[in-house]
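Student: Dumping the structure here so I can ask a few things about it.
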Amino acid sequence: MRLTIARCSVDYIGRLRAHLPLATRLLVVKADGSVLVHSDGGSYKPLNWMSPPATLRISEPDEDAAAAGAISIWTVQHAKSDDRLVITIEEILHESSHDLGVDPGLIKDGVEADLQRLLAAQIHTIGAGYSVVRREYPTAIGPVDILVRDQDGATVAIEIKRRGDIDGVEQLTRYLELLNRDPLLAPVRGIFAAQQIRPQARVLATDRGIDCVTLDYDALRGVDDTHTRLF
């Protein structure tokens with residue numbers, strides 16, 4: 001992982017356009033190809049980012065950019081679209097690189113682990129004719145919660161959350177990008193399953209062709225009989 005603190009401006013060019021004016025920011029370049037732009041506020045969310053697969057190219061500024069104060073231009077190009085992140089750097093305040101090794105992945109809390117187990121045992125609630133290939137299906141960036149085959153034999157990756165947020169959709173998107181590189185699995189579509197799914201996460205999932213499913217924890221446990229209750 002490469003960490004750079006720099007005075008920079010940032011332009012995102014693609015389906016949407018966005019501009020961050022000159023300021024001091026943290027640039028994070030990860031081994032998976034993702035690049036994230038952070039400020040000192042806004043909690044854990046980056047101001048802008050590029051998801052993998054992507055390539056980073058560092059070049060000298062042209063005469064006009066150099067005259068305006070730029071010392072280098074970082075261009076992050078997505079491998080599967082025309083989207084790109086252009087970072088114009090005027091000053092580097094700190095730079096370091098670190099080998100983090102292989103991460104063991106997120107350990108689910110009790111509710112998410114139970115949801116995964118219960119849903120795998122009742123996978124028909126997702127779709128008739130569905131069958132489980134494996135729980136915790138391994139990938140290079142962590143395990144997919146449940147990998148299944150649908151009624152037509154196509155591969156489906158299911159990511160389970162207690163509360164479905166944008167980060168969960170991004171996580172599933174990364175899994176799908178990796179899984180679809182495997183000719184034995186591709187094409188792989190995704191299902192984002194959670195007890196509660198935020199509207200922003202649902203919009204992002206729909207935009208990326210990912211289905212959303214709301215899980216009823218009590219019904220899966222057999223505590224709440226949805227067929228006999230009045231409402």
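By convention in this document, the chains of the structure tokens carry letters A, B, ... by their order, each chain's residues are numbered from 1, and ligands are numbered from 1 in the order they are shown.
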Counting only C-alpha atoms, what is within 10 Å of Arg198 (chain A), bar same-chain residues fewer than 3 positions away, as a list of chain:residue names?

Tutor: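 So the residues in contact are A:Arg163, A:Gly164, A:Asp165, A:Ile166, A:Ala194, A:Ala201, A:Arg202, A:Val203.
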
Student: Tell me which protein, DNA and RNA residues are within 6 Å of region 133-138 of chain A, counting only C-alpha atoms, leaving out same-chain ones fewer than 3 positions away, and put them as a count of residues only.

Tutor: 6

Student: Have a look at A:Tyr12, A:Trp49, A:Phe192, A:Tyr175 and name the one nearest to Leu26 (chain A); count only C-alpha atoms.

Tutor: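 For Leu26 (chain A), the nearest of the given residues is A:Trp49.
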
Student: Within 7 Å of Pro53 (chain A), counting only C-alpha atoms, which residues show up once you throw out same-chain ones fewer than 5 positions away? Write them as number ranges by chain, please.

Tutor: A: 33, 78-79

Student: Output the selection as a PDB file, in the first residue's frame - C-alpha atoms for each residue.

Tutor:
ATOM      1  CA  GLY A  33      -5.376  -1.317  -8.136  1.00  0.00           C
ATOM      2  CA  HIS A  78     -10.341   2.070 -15.172  1.00  0.00           C
ATOM      3  CA  ALA A  79      -9.636  -1.063 -17.212  1.00  0.00           C
TER       4      ALA A  79
END

Student: From a DSSP calculation on the backbone, collect every residue of region 13-213 of chain A in helix (DSSP H, G or I) and output the set as a count of residues only.

Tutor: 43

Student: Out of A:Leu215, A:Ala68, A:Ile141, A:Ala18, which residue has the shortest atom-to-atom distance to Asp103 (chain A) when counting only C-alpha atoms?

Tutor: A:Ile141

Student: Tell me which of A:Asp64, A:Asp99, A:Glu112, A:Asp207 sits closest to Arg15 (chain A), counting only C-alpha atoms.

Tutor: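 Selected residue with least distance to Arg15 (chain A): A:Asp207.
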
Student: Between A:Val35, A:Val86, A:Leu220, A:Leu100, which one has atoms that come closest to Leu119 (chain A), using only C-alpha atoms?

Tutor: A:Leu220

Student: Assign secondary structure with DSSP using the backbone only, and return the residues of region 143-231 of chain A in strand (DSSP E or B) as a ChimeraX atom specification.

Tutor: /A:144-149,155-164,188-197,211-214

Student: Suppose we keep C-alpha atoms; can you now write the selection as a PDB file, in the first residue's frame?

Tutor:
ATOM      1  CA  VAL A 144     -17.872 -14.328  -0.880  1.00  0.00           C
ATOM      2  CA  ASP A 145     -20.594 -15.094   1.684  1.00  0.00           C
ATOM      3  CA  ILE A 146     -22.509 -17.604  -0.462  1.00  0.00           C
ATOM      4  CA  LEU A 147     -21.889 -18.759  -4.034  1.00  0.00           C
ATOM      5  CA  VAL A 148     -24.919 -20.416  -5.638  1.00  0.00           C
ATOM      6  CA  ARG A 149     -26.284 -21.673  -8.946  1.00  0.00           C
ATOM      7  CA  THR A 155     -23.458 -18.475 -10.992  1.00  0.00           C
ATOM      8  CA  VAL A 156     -24.710 -16.011  -8.388  1.00  0.00           C
ATOM      9  CA  ALA A 157     -22.609 -14.367  -5.653  1.00  0.00           C
ATOM     10  CA  ILE A 158     -24.504 -13.317  -2.518  1.00  0.00           C
ATOM     11  CA  GLU A 159     -23.125 -10.727  -0.089  1.00  0.00           C
ATOM     12  CA  ILE A 160     -24.908 -10.583   3.280  1.00  0.00           C
ATOM     13  CA  LYS A 161     -25.042  -7.620   5.645  1.00  0.00           C
ATOM     14  CA  ARG A 162     -27.077  -6.779   8.695  1.00  0.00           C
ATOM     15  CA  ARG A 163     -27.402  -3.192   7.431  1.00  0.00           C
ATOM     16  CA  GLY A 164     -26.860  -2.750   3.709  1.00  0.00           C
ATOM     17  CA  VAL A 188     -21.524 -14.166 -12.404  1.00  0.00           C
ATOM     18  CA  ARG A 189     -24.277 -11.852 -11.197  1.00  0.00           C
ATOM     19  CA  GLY A 190     -24.685 -10.489  -7.689  1.00  0.00           C
ATOM     20  CA  ILE A 191     -27.318 -10.361  -4.976  1.00  0.00           C
ATOM     21  CA  PHE A 192     -26.969  -7.888  -2.095  1.00  0.00           C
ATOM     22  CA  ALA A 193     -28.923  -9.272   0.877  1.00  0.00           C
ATOM     23  CA  ALA A 194     -29.485  -7.455   4.168  1.00  0.00           C
ATOM     24  CA  GLN A 195     -32.032  -6.895   6.910  1.00  0.00           C
ATOM     25  CA  GLN A 196     -32.112  -3.211   6.013  1.00  0.00           C
ATOM     26  CA  ILE A 197     -30.849  -1.683   2.753  1.00  0.00           C
ATOM     27  CA  ASP A 211     -30.242  -7.417  -7.224  1.00  0.00           C
ATOM     28  CA  CYS A 212     -31.260  -6.417  -3.684  1.00  0.00           C
ATOM     29  CA  VAL A 213     -33.033  -8.762  -1.249  1.00  0.00           C
ATOM     30  CA  THR A 214     -34.336  -7.780   2.190  1.00  0.00           C
TER      31      THR A 214
END

Student: Between A:Leu27, A:Ala154, A:Tyr217, A:Gly14, which residue has the minimum interatomic distance to Ala186 (chain A), considering only C-alpha atoms?

Tutor: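 Nearest candidate to Ala186 (chain A) out of A:Leu27, A:Ala154, A:Tyr217, A:Gly14: A:Ala154.
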
Student: Just give me the gap between CA of Arg208 (chain A) and CA of Gly101 (chain A) in Å, one decimal is fine.

Tutor: 29.8 Å

Student: Identify which of the residues A:Leu85, A:Cys8, A:Ala140, A:Ala66 lies closest to Val102 (chain A), counting only C-alpha atoms when measuring atom-to-atom distances.

Tutor: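 Ranked by minimum distance to Val102 (chain A), first place goes to A:Ala140.
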
Student: Suppose you want the space between CA of Arg181 (chain A) and CA of Leu204 (chain A); what is it in Å?

Tutor: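 Between CA of Arg181 (chain A) and CA of Leu204 (chain A) the gap is 22.1 Å.
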